[in-house]
file input07.txt (compact mmCIF, C-alpha atoms)
# COMPACT_ATOMS: atom_id res chain seq x y z
CA MET K 1374 13.38 23.42 9.58
CA THR K 1375 15.18 20.10 9.50
CA GLU K 1376 13.76 17.55 11.87
CA THR K 1377 15.64 15.75 14.61
CA PRO K 1378 16.25 12.12 13.60
CA GLY K 1379 14.66 9.26 15.51
CA GLN K 1380 16.46 6.43 17.30
CA THR K 1381 15.39 3.07 18.63
CA VAL K 1382 13.41 2.94 21.87
CA GLY K 1383 16.02 0.36 22.97
CA PRO K 1384 15.45 -2.51 25.40
CA PHE K 1385 15.09 -0.61 28.69
CA PHE K 1386 11.98 1.56 28.30
CA HIS K 1387 9.34 -0.26 30.36
CA HIS K 1388 10.08 1.35 33.71
CA ALA K 1389 9.85 4.78 32.07
CA LEU K 1390 7.04 4.52 29.55
CA ALA K 1391 4.65 1.91 30.98
CA TYR K 1392 2.27 3.12 33.69
CA ALA K 1393 -0.84 1.89 35.50
CA GLY K 1394 -3.82 2.00 33.17
CA ASP K 1395 -1.73 2.86 30.10
CA SER K 1396 -3.63 0.45 27.83
CA GLU K 1397 -7.08 0.98 29.38
CA LEU K 1398 -8.64 3.88 27.49
CA VAL K 1399 -11.78 2.70 29.28
CA PRO K 1400 -11.76 0.31 32.24
CA PHE K 1401 -11.36 -3.32 31.25
CA GLY K 1402 -14.76 -5.03 31.19
CA SER K 1403 -16.77 -1.81 31.47
CA ALA K 1404 -20.06 -1.43 29.57
CA GLY K 1405 -19.48 -0.76 25.88
CA SER K 1406 -15.78 -1.61 26.05
CA VAL K 1407 -13.95 -3.75 23.53
CA VAL K 1408 -10.54 -5.39 23.70
CA LEU K 1409 -8.14 -4.74 20.82
CA HIS K 1410 -5.22 -7.14 20.99
CA GLY K 1411 -2.63 -9.03 19.00
CA HIS K 1412 0.99 -10.05 18.80
CA VAL K 1413 4.02 -8.34 17.36
CA TYR K 1414 6.22 -10.69 15.30
CA ASP K 1415 9.65 -10.37 13.71
CA GLY K 1416 10.64 -11.65 10.27
CA ALA K 1417 11.14 -15.20 11.55
CA GLY K 1418 7.69 -15.27 13.11
CA THR K 1419 9.13 -14.97 16.61
CA PRO K 1420 7.11 -12.82 19.02
CA VAL K 1421 8.73 -9.50 19.90
CA PRO K 1422 8.68 -9.09 23.72
CA ASP K 1423 10.20 -5.61 23.72
CA ALA K 1424 7.89 -3.63 21.46
CA MET K 1425 5.53 -0.82 22.37
CA ILE K 1426 2.29 0.02 20.57
CA GLU K 1427 0.42 3.31 20.86
CA ILE K 1428 -3.05 4.01 19.51
CA ARG K 1429 -4.95 7.23 18.84
CA GLN K 1430 -8.64 7.14 18.05
CA ALA K 1431 -12.01 8.85 17.95
CA ASP K 1432 -14.66 8.17 20.58
CA ALA K 1433 -17.75 6.15 19.71
CA SER K 1434 -19.45 9.24 18.24
CA GLY K 1435 -16.52 9.98 15.90
CA VAL K 1436 -14.96 12.85 17.85
CA VAL K 1437 -11.19 12.73 18.43
CA PRO K 1438 -10.82 13.97 22.03
CA ALA K 1439 -8.37 16.74 22.83
CA VAL K 1440 -8.39 16.35 26.60
CA GLY K 1441 -5.64 15.51 29.10
CA GLY K 1442 -5.65 12.69 31.59
CA SER K 1443 -4.09 9.78 29.69
CA LEU K 1444 -1.30 9.35 32.27
CA ARG K 1445 -3.66 9.40 35.27
CA ARG K 1446 -6.92 8.03 34.08
CA ARG K 1447 -8.77 7.88 37.40
CA GLY K 1448 -11.77 10.12 36.96
CA ALA K 1449 -10.57 11.43 33.61
CA GLY K 1450 -12.81 11.21 30.56
CA PHE K 1451 -12.04 9.34 27.38
CA THR K 1452 -8.74 10.68 25.99
CA GLY K 1453 -8.51 8.63 22.78
CA TRP K 1454 -4.89 7.64 23.36
CA GLY K 1455 -3.22 4.61 24.90
CA ARG K 1456 0.04 2.70 25.12
CA SER K 1457 0.76 -1.01 25.49
CA CYS K 1458 4.19 -2.58 25.94
CA THR K 1459 4.26 -6.14 24.63
CA ASP K 1460 4.59 -8.88 27.24
CA SER K 1461 7.04 -11.79 27.21
CA ALA K 1462 4.84 -13.52 24.59
CA GLY K 1463 4.92 -10.46 22.31
CA ARG K 1464 1.30 -9.62 23.03
CA TYR K 1465 -0.23 -6.14 23.28
CA TRP K 1466 -3.78 -5.27 24.32
CA PHE K 1467 -6.04 -2.28 24.82
CA SER K 1468 -9.41 -1.90 26.50
CA THR K 1469 -11.21 0.81 24.56
CA VAL K 1470 -14.35 1.67 22.63
CA GLU K 1471 -14.91 1.10 18.93
CA PRO K 1472 -14.16 4.42 17.29
CA GLY K 1473 -16.85 6.26 15.33
CA LEU K 1474 -14.19 6.80 12.64
CA PRO K 1475 -13.09 3.69 10.73
CA PHE K 1476 -9.59 3.08 12.12
CA PHE K 1477 -7.23 3.21 15.07
CA ALA K 1478 -4.08 5.18 14.24
CA VAL K 1479 -1.09 3.12 15.40
CA THR K 1480 2.58 3.74 16.19
CA VAL K 1481 5.06 0.88 16.65
CA PHE K 1482 8.35 1.02 18.56
CA ALA K 1483 10.76 -1.80 19.41
CA ARG K 1484 14.31 -2.67 20.29
CA GLY K 1485 16.00 -3.33 16.96
CA LEU K 1486 13.65 -0.93 15.18
CA LEU K 1487 15.61 2.25 14.54
CA ASN K 1488 12.63 4.56 14.03
CA ARG K 1489 8.93 4.46 14.82
CA LEU K 1490 6.52 2.97 12.30
CA PHE K 1491 2.98 4.13 11.58
CA THR K 1492 0.06 2.00 10.50
CA ARG K 1493 -3.73 1.74 10.95
CA ILE K 1494 -6.06 -0.90 12.30
CA TYR K 1495 -9.48 -0.71 10.63
CA LEU K 1496 -12.68 -1.98 12.18
CA PRO K 1497 -14.13 -5.06 10.48
CA GLY K 1498 -16.44 -4.03 7.64
CA ALA K 1499 -15.15 -0.44 7.56
CA ASP K 1500 -15.74 1.36 4.27
CA GLY K 1501 -12.51 2.14 2.43
CA ALA K 1502 -10.38 -0.08 4.67
CA MET K 1503 -6.86 -0.61 3.37
CA ASP K 1504 -5.92 -4.17 2.38
CA GLY K 1505 -4.37 -6.18 5.18
CA LEU K 1506 -5.11 -3.61 7.88
CA VAL K 1507 -8.50 -4.86 9.08
CA ALA K 1508 -8.92 -6.31 12.57
CA GLU K 1509 -10.51 -9.73 12.93
CA ARG K 1510 -13.66 -9.99 15.05
CA GLU K 1511 -13.24 -12.95 17.39
CA PRO K 1512 -16.24 -15.01 18.56
CA ASP K 1513 -16.09 -13.39 22.01
CA GLY K 1514 -16.26 -9.92 20.44
CA ARG K 1515 -12.62 -8.96 20.84
CA LEU K 1516 -10.74 -7.37 17.94
CA ARG K 1517 -7.49 -9.02 16.93
CA PHE K 1518 -4.71 -7.58 14.80
CA ASP K 1519 -1.17 -8.96 14.58
CA ILE K 1520 1.71 -6.74 13.57
CA HIS K 1521 4.50 -8.28 11.48
CA LEU K 1522 7.63 -6.15 11.32
CA GLN K 1523 8.95 -8.27 8.44
CA GLY K 1524 8.27 -11.50 6.54
CA PRO K 1525 5.59 -12.87 4.22
CA SER K 1526 2.80 -11.24 6.26
CA GLU K 1527 4.66 -7.96 6.72
CA THR K 1528 2.30 -5.22 7.91
CA VAL K 1529 1.80 -2.21 5.64
CA PHE K 1530 3.59 0.71 7.27
CA PHE K 1531 3.17 4.34 6.28
CA LYS K 1532 4.94 7.51 5.51
CA PHE K 1533 2.97 10.73 5.50
CA PRO K 1534 3.64 13.73 3.24
CA ARG K 1535 5.61 15.45 6.00
CA THR K 1536 7.30 12.48 7.69
CA MET J 126 33.14 -12.26 11.34
CA ARG J 127 31.35 -15.59 11.11
CA LEU J 128 28.18 -15.69 9.08
CA SER J 129 25.75 -18.52 8.65
CA VAL J 130 22.24 -18.90 7.28
CA GLN J 131 19.61 -20.22 9.65
CA TRP J 132 16.28 -21.46 8.29
CA LYS J 133 13.25 -20.94 10.43
CA THR J 134 9.61 -21.82 9.91
CA THR J 135 7.45 -18.75 10.27
CA VAL J 136 4.06 -18.66 11.94
CA ASP J 137 2.53 -18.67 8.49
CA GLY J 138 4.22 -21.95 7.64
CA GLY J 139 6.66 -20.23 5.29
CA ARG J 140 10.39 -20.54 5.59
CA CYS J 141 12.62 -17.65 6.24
CA GLY J 142 16.36 -17.59 5.86
CA CYS J 143 18.17 -15.28 8.16
CA LEU J 144 21.78 -14.43 8.56
CA ALA J 145 23.13 -15.30 11.93
CA PHE J 146 26.07 -13.30 13.18
CA ASP J 147 28.47 -14.52 15.78
CA ARG J 148 28.35 -11.62 18.15
CA VAL J 149 31.22 -12.82 20.27
CA THR J 150 33.81 -12.82 17.52
CA THR J 151 32.73 -9.81 15.48
CA SER J 152 35.17 -7.05 16.30
CA GLN J 153 34.62 -3.31 16.53
CA HIS J 154 36.90 -2.98 13.52
CA GLU J 155 34.58 -5.16 11.43
CA ILE J 156 31.49 -3.29 12.64
CA SER J 157 33.15 0.03 11.82
CA ASP J 158 33.99 -1.25 8.33
CA GLU J 159 30.37 -2.24 7.77
CA ILE J 160 29.21 1.18 8.97
CA ALA J 161 31.67 2.97 6.67
CA LYS J 162 30.46 1.03 3.61
CA LEU J 163 26.80 1.80 4.33
CA GLN J 164 27.57 5.47 4.94
CA ALA J 165 29.47 5.76 1.67
CA ASP J 166 26.40 4.49 -0.21
CA SER J 167 23.95 7.22 0.61
CA PRO J 168 24.02 9.65 3.50
CA LYS J 169 20.53 9.79 4.99
CA GLY J 170 19.12 12.15 7.58
CA ALA J 171 16.77 9.56 9.08
CA PRO J 172 18.09 6.32 10.56
CA LEU J 173 18.22 3.46 8.08
CA LEU J 174 15.82 0.81 9.33
CA ASP J 175 17.80 -1.88 7.52
CA PHE J 176 21.16 -1.36 9.20
CA PRO J 177 22.96 -4.69 9.73
CA PRO J 178 25.78 -3.29 11.92
CA TYR J 179 23.03 -2.99 14.58
CA ARG J 180 22.37 -6.74 14.64
CA SER J 181 18.92 -6.61 16.23
CA THR J 182 17.55 -4.83 13.14
CA LEU J 183 17.99 -7.94 10.98
CA LEU J 184 14.54 -9.42 11.55
CA ARG J 185 12.86 -6.25 12.76
CA HIS J 186 13.03 -3.87 9.80
CA PRO J 187 10.26 -3.75 7.21
CA THR J 188 11.42 -4.78 3.75
CA LYS J 189 8.60 -3.14 1.80
CA GLU J 190 8.57 0.50 0.84
CA LEU J 191 6.61 2.62 3.31
CA GLN J 192 3.24 3.43 1.76
CA LEU J 193 2.47 7.12 1.28
CA VAL J 194 -0.81 7.96 3.01
CA ASP J 195 -2.59 11.27 3.59
CA PRO J 196 -3.31 11.62 7.29
CA GLU J 197 -6.92 11.82 8.35
CA GLY J 198 -9.08 11.62 11.44
CA ALA J 199 -7.16 10.70 14.57
CA GLU J 200 -3.85 11.07 12.69
CA LEU J 201 -4.31 14.84 12.55
CA LEU J 202 -4.47 15.32 16.30
CA ALA J 203 -1.84 14.33 18.87
CA PRO J 204 -2.92 13.25 22.34
CA VAL J 205 -3.19 16.12 24.80
CA PHE J 206 -1.50 16.11 28.21
CA GLY J 207 -1.96 18.56 31.06
CA HIS J 208 -0.89 19.37 34.57
CA SER J 209 -3.13 16.59 35.83
CA ASP J 210 -0.81 14.17 34.00
CA VAL J 211 2.58 15.42 35.19
CA ASP J 212 3.90 16.76 38.52
CA ALA J 213 6.51 19.50 38.34
CA VAL J 214 8.85 17.40 40.52
CA GLU J 215 9.06 14.75 37.78
CA ALA J 216 11.41 17.05 35.87
CA ASP J 217 14.06 16.73 38.58
CA LEU J 218 15.52 13.22 38.51
CA THR J 219 17.78 14.02 41.48
CA LEU J 220 14.84 14.54 43.87
CA GLN J 221 12.73 11.47 43.34
CA ARG J 222 14.15 9.27 46.08
CA GLY J 223 15.26 9.78 49.64
CA GLY J 224 18.83 10.87 48.98
CA GLU J 225 21.18 12.38 46.43
CA PRO J 226 22.07 10.18 43.46
CA ILE J 227 25.76 9.72 42.73
CA GLY J 228 27.30 11.35 39.67
CA GLU J 229 27.79 14.58 37.80
CA ARG J 230 24.69 16.77 38.29
CA ILE J 231 23.46 18.24 35.01
CA ARG J 232 20.62 20.27 33.57
CA VAL J 233 19.42 19.50 30.05
CA HIS J 234 17.17 22.12 28.53
CA GLY J 235 16.05 23.17 25.10
CA ARG J 236 13.15 24.03 22.89
CA VAL J 237 10.76 21.79 20.98
CA LEU J 238 9.76 23.21 17.60
CA ASP J 239 7.80 21.74 14.74
CA GLY J 240 9.00 21.56 11.15
CA ASP J 241 7.64 25.03 10.48
CA GLY J 242 9.53 26.54 13.40
CA ARG J 243 6.52 26.85 15.67
CA PRO J 244 7.04 26.07 19.36
CA VAL J 245 5.34 22.88 20.53
CA ARG J 246 3.47 24.20 23.56
CA ARG J 247 2.34 22.39 26.71
CA GLN J 248 3.23 18.99 25.32
CA LEU J 249 4.61 15.93 27.09
CA VAL J 250 8.35 15.13 27.13
CA GLU J 251 9.39 11.79 28.66
CA ILE J 252 13.01 10.82 29.33
CA TRP J 253 14.84 7.78 30.64
CA GLN J 254 18.51 7.03 31.10
CA ALA J 255 21.17 4.91 32.80
CA ASN J 256 22.73 6.06 36.07
CA ALA J 257 26.24 7.47 36.41
CA ALA J 258 27.70 3.96 36.34
CA GLY J 259 25.91 3.02 33.11
CA ARG J 260 23.17 0.88 34.66
CA TYR J 261 19.45 1.18 34.05
CA SER J 262 16.96 0.75 36.84
CA HIS J 263 15.32 -1.94 34.69
CA GLN J 264 15.16 -5.62 35.57
CA GLY J 265 16.40 -6.56 32.10
CA ASP J 266 19.71 -4.71 32.52
CA GLN J 267 22.30 -7.25 33.68
CA HIS J 268 25.38 -5.03 33.28
CA PRO J 269 27.45 -5.66 36.44
CA ALA J 270 27.64 -2.00 37.43
CA PRO J 271 26.04 -0.70 40.62
CA LEU J 272 22.43 0.38 40.82
CA ASP J 273 21.88 3.71 42.57
CA PRO J 274 19.10 3.46 45.17
CA ASN J 275 18.51 7.21 44.77
CA PHE J 276 18.12 7.24 41.00
CA THR J 277 15.44 5.79 38.75
CA GLY J 278 16.56 7.66 35.62
CA VAL J 279 12.96 8.42 34.63
CA GLY J 280 11.55 11.92 34.12
CA ARG J 281 8.63 13.79 32.59
CA CYS J 282 7.69 17.38 31.98
CA LEU J 283 5.43 19.54 29.87
CA THR J 284 6.91 22.14 27.53
CA ASP J 285 6.02 25.72 28.44
CA ASP J 286 4.13 28.23 26.33
CA ASP J 287 7.24 28.83 24.18
CA GLY J 288 8.10 25.16 23.75
CA TRP J 289 10.90 25.03 26.37
CA TYR J 290 11.63 21.99 28.48
CA SER J 291 14.17 21.50 31.27
CA PHE J 292 15.33 18.48 33.27
CA THR J 293 17.76 18.23 36.18
CA SER J 294 19.55 14.91 36.28
CA ILE J 295 22.83 13.03 36.56
CA LYS J 296 25.10 12.52 33.58
CA PRO J 297 24.50 8.93 32.41
CA GLY J 298 27.47 6.61 31.99
CA PRO J 299 28.28 4.64 28.83
CA TYR J 300 27.53 0.95 29.05
CA PRO J 301 28.44 -2.30 27.29
CA TRP J 302 25.99 -4.23 25.11
CA ARG J 303 26.19 -7.48 23.20
CA ASN J 304 25.97 -6.28 19.60
CA HIS J 305 29.58 -7.34 19.00
CA HIS J 306 32.76 -7.90 20.96
CA ASN J 307 33.60 -5.00 23.28
CA ALA J 308 30.59 -2.95 22.14
CA TRP J 309 29.79 0.18 24.19
CA ARG J 310 26.88 2.58 23.87
CA PRO J 311 27.85 6.25 24.10
CA ALA J 312 26.26 8.06 27.06
CA HIS J 313 22.73 9.08 26.10
CA ILE J 314 19.32 10.13 27.35
CA HIS J 315 16.23 8.68 25.65
CA PHE J 316 13.59 11.29 24.74
CA SER J 317 9.95 10.67 23.83
CA LEU J 318 8.05 13.58 22.24
CA PHE J 319 4.66 14.45 20.82
CA GLY J 320 3.73 17.31 18.53
CA THR J 321 0.29 18.64 17.69
CA ASP J 322 -0.37 15.91 15.07
CA PHE J 323 -0.23 12.17 15.77
CA THR J 324 2.20 11.92 12.82
CA GLN J 325 4.83 14.04 14.63
CA ARG J 326 5.57 11.37 17.24
CA LEU J 327 9.29 11.01 17.94
CA ILE J 328 11.39 8.76 20.15
CA THR J 329 15.11 9.42 19.95
CA GLN J 330 18.33 9.65 21.96
CA MET J 331 20.33 12.71 23.00
CA TYR J 332 24.11 12.34 23.07
CA PHE J 333 26.82 14.40 24.78
CA PRO J 334 29.48 16.49 22.99
CA GLY J 335 32.95 15.03 22.55
CA ASP J 336 31.97 11.41 23.17
CA GLN J 337 34.54 9.19 21.47
CA LEU J 338 32.11 6.26 21.44
CA LEU J 339 29.70 7.97 19.02
CA ALA J 340 31.79 7.16 15.96
CA LEU J 341 31.85 3.48 16.96
CA ASP J 342 28.16 3.10 17.76
CA PRO J 343 25.96 1.40 15.16
CA ILE J 344 22.76 2.87 16.62
CA ALA J 345 23.94 6.47 16.31
CA GLN J 346 25.70 5.77 13.00
CA SER J 347 22.48 4.39 11.48
CA ILE J 348 21.90 8.09 10.74
CA THR J 349 24.36 8.04 7.87
CA ASP J 350 24.44 11.82 7.29
CA PRO J 351 26.89 13.29 9.86
CA GLY J 352 25.06 16.62 9.78
CA ALA J 353 21.83 14.91 10.76
CA LEU J 354 23.55 12.93 13.52
CA SER J 355 24.97 16.17 14.90
CA ARG J 356 21.39 17.22 15.62
CA LEU J 357 21.27 14.52 18.31
CA ILE J 358 24.30 15.92 20.15
CA ALA J 359 23.71 18.48 22.91
CA THR J 360 25.99 21.46 23.32
CA TYR J 361 27.61 22.46 26.60
CA ASP J 362 25.78 25.57 27.84
CA HIS J 363 27.81 27.46 30.40
CA ALA J 364 25.03 30.00 30.91
CA GLN J 365 22.91 27.17 32.33
CA SER J 366 25.66 25.84 34.57
CA GLU J 367 25.21 26.83 38.20
CA HIS J 368 27.98 27.92 40.54
CA GLU J 369 29.07 24.99 42.72
CA TRP J 370 26.02 22.99 41.69
CA LEU J 371 25.60 21.62 38.12
CA LEU J 372 26.64 21.71 34.45
CA GLY J 373 24.24 22.86 31.73
CA TYR J 374 23.53 21.32 28.33
CA ARG J 375 21.27 22.62 25.61
CA TRP J 376 19.47 20.42 23.14
CA ASP J 377 16.77 21.68 20.79
CA ILE J 378 14.39 19.29 19.10
CA VAL J 379 12.59 19.75 15.78
CA LEU J 380 9.60 17.54 15.02
CA THR J 381 8.22 16.99 11.54
CA GLY J 382 5.78 19.52 10.15
CA SER J 383 2.12 19.56 11.06
CA HIS J 384 -0.32 18.37 8.40
CA ALA J 385 -3.22 20.21 9.98
CA THR J 386 -2.14 23.52 8.44
CA TYR J 387 -0.26 22.08 5.47
CA LEU J 388 -1.40 22.52 1.89
CA GLU J 389 -0.43 19.67 -0.38
CA PRO J 390 1.83 20.94 -3.20
CA SER J 391 0.05 20.62 -6.52
CA ASP J 392 1.55 18.32 -9.14
CA ASP J 393 -0.06 19.89 -12.17
call {"tool": "encode", "arguments": {"input": "input07.txt", "output": "structure tokens"}}
result
Amino acid sequence: MTETPGQTVGPFFHHALAYAGDSELVPFGSAGSVVLHGHVYDGAGTPVPDAMIEIRQADASGVVPAVGGSLRRRGAGFTGWGRSCTDSAGRYWFSTVEPGLPFFAVTVFARGLLNRLFTRIYLPGADGAMDGLVAEREPDGRLRFDIHLQGPSETVFFKFPRT
Amino acid sequence: MRLSVQWKTTVDGGRCGCLAFDRVTTSQHEISDEIAKLQADSPKGAPLLDFPPYRSTLLRHPTKELQLVDPEGAELLAPVFGHSDVDAVEADLTLQRGGEPIGERIRVHGRVLDGDGRPVRRQLVEIWQANAAGRYSHQGDQHPAPLDPNFTGVGRCLTDDDGWYSFTSIKPGPYPWRNHHNAWRPAHIHFSLFGTDFTQRLITQMYFPGDQLLALDPIAQSITDPGALSRLIATYDHAQSEHEWLLGYRWDIVLTGSHATYLEPSDD
């Protein structure tokens, strides 16, 4: 069957897609948690304040959870999925655990971006990590990864055999 | 149209030249000419990411070829949502506040299938839209049209066991935007969908049949194959219309195929 085409998320998605706890796969500051964060930049190096990042990941033991509860996390277990809308400085962040598999799967949406983009964020030191897609470990333990939609540091984005 | 090159220093210290368009003086006629030239080049079923008639794409489209990757790990499994995530009432956008929203009451329903024709069962559908006057309940929307205190324009539901979804809402109005002079978006509802694989993620827009603004709209026309664009247009569904109550529309959605059950074609 022929797939339905995508369209831009547009500028007015926050009130619909953002929700309390959307970027906290585990509570911020909880034992064993890590912050994954970064900025989204356009081709001129300007932060993108109307982007949205989603991640999908395994838990610390390497199992990708197939359980509900991402939209109402209170009391729910680890769902392995989160969403972060960039703030006015173009910054996204997640509170999560380091996955037992080597990367976070990532989707990028933005005003001015006509279809979603896929990429990966690998853990530092991961075996087989793709060039340019490795998070930086900051001195305080946080993981940092900036996404460049365009420009000299343009992020590697993917197509899959069936996308 | 006025064009100029602006040089900016990037965060990496490099310099980047970008074309600056004067949005005030670019006419619809010029935008439509640009669209026609791009469509004559190569009709494509997916939106072109590099589509200058939609000015905001200029610095936001990747310039490198997308890299072909075989999905693995978390990419093979979409997030799961359940009844603990979504209340049934969230599918009725006319009930969420104290009173009745103003506008033409509608029902939009349809089926979510994957690229192999399988229904996408018990999966999350999120929608958002402007009100009947063409105004979003979003602080960034400065269009001087009235807000409706009884309408947020936000809905969610889960597909049923056969992949069907249904929302009750108000027909959204078209609204102006600043892409060029006298630019208007056709009436639309934003849809966000998940399949069974992470790679099937889709955010798109549903349009209404007979909308004269569609042909003028650079966002819709970034899908340069008219047949593909037609898959974003709902059909009027009289069987769903209700006597003295609402008008029905049907819109089916097809996601990409699942990789989990897909065998890579052999090259040898």
call {"tool": "closest_residue", "arguments": {"input": "input07.txt", "among": "K:Val1481, K:Val1470, K:Ala1393, K:Ala1502", "to": "Leu1444 in chain K", "atoms": "all atoms listed in the file"}}
result
K:Ala1393
call {"tool": "residues_around", "arguments": {"input": "input07.txt", "residues": "Asp350 in chain J", "least_positions_apart": "6", "cutoff": "10 Å", "atoms": "only C-alpha atoms", "output": "ChimeraX atom specification"}}
result
/J:164-165,167-172
call {"tool": "interface_residues", "arguments": {"input": "input07.txt", "of": "chain K", "to": "chain J", "cutoff": "8 Å", "atoms": "only C-alpha atoms", "output": "ChimeraX atom specification"}}
result
/K:1374-1382,1384-1390,1415-1419,1429-1431,1437-1445,1452-1454,1474,1477-1478,1484-1489,1491,1522-1527,1529-1536
call {"tool": "residues_around", "arguments": {"input": "input07.txt", "residues": "Ala216 in chain J", "least_positions_apart": "3", "cutoff": "8 Å", "atoms": "all atoms listed in the file", "output": "list in words"}}
result
Asp212, Ala213, Gly280, Arg281, Cys282, Ser291, Phe292 and Thr293 of chain J
call {"tool": "axis_aligned_box", "arguments": {"input": "input07.txt", "around": "range 1497-1505 of chain K", "padding_each_side": "6 Å", "output": "lines of an AutoDock Vina configuration file"}}
result
center_x = -10.4
center_y = -2.0
center_z = 6.4
size_x = 24.1
size_y = 20.3
size_z = 20.1
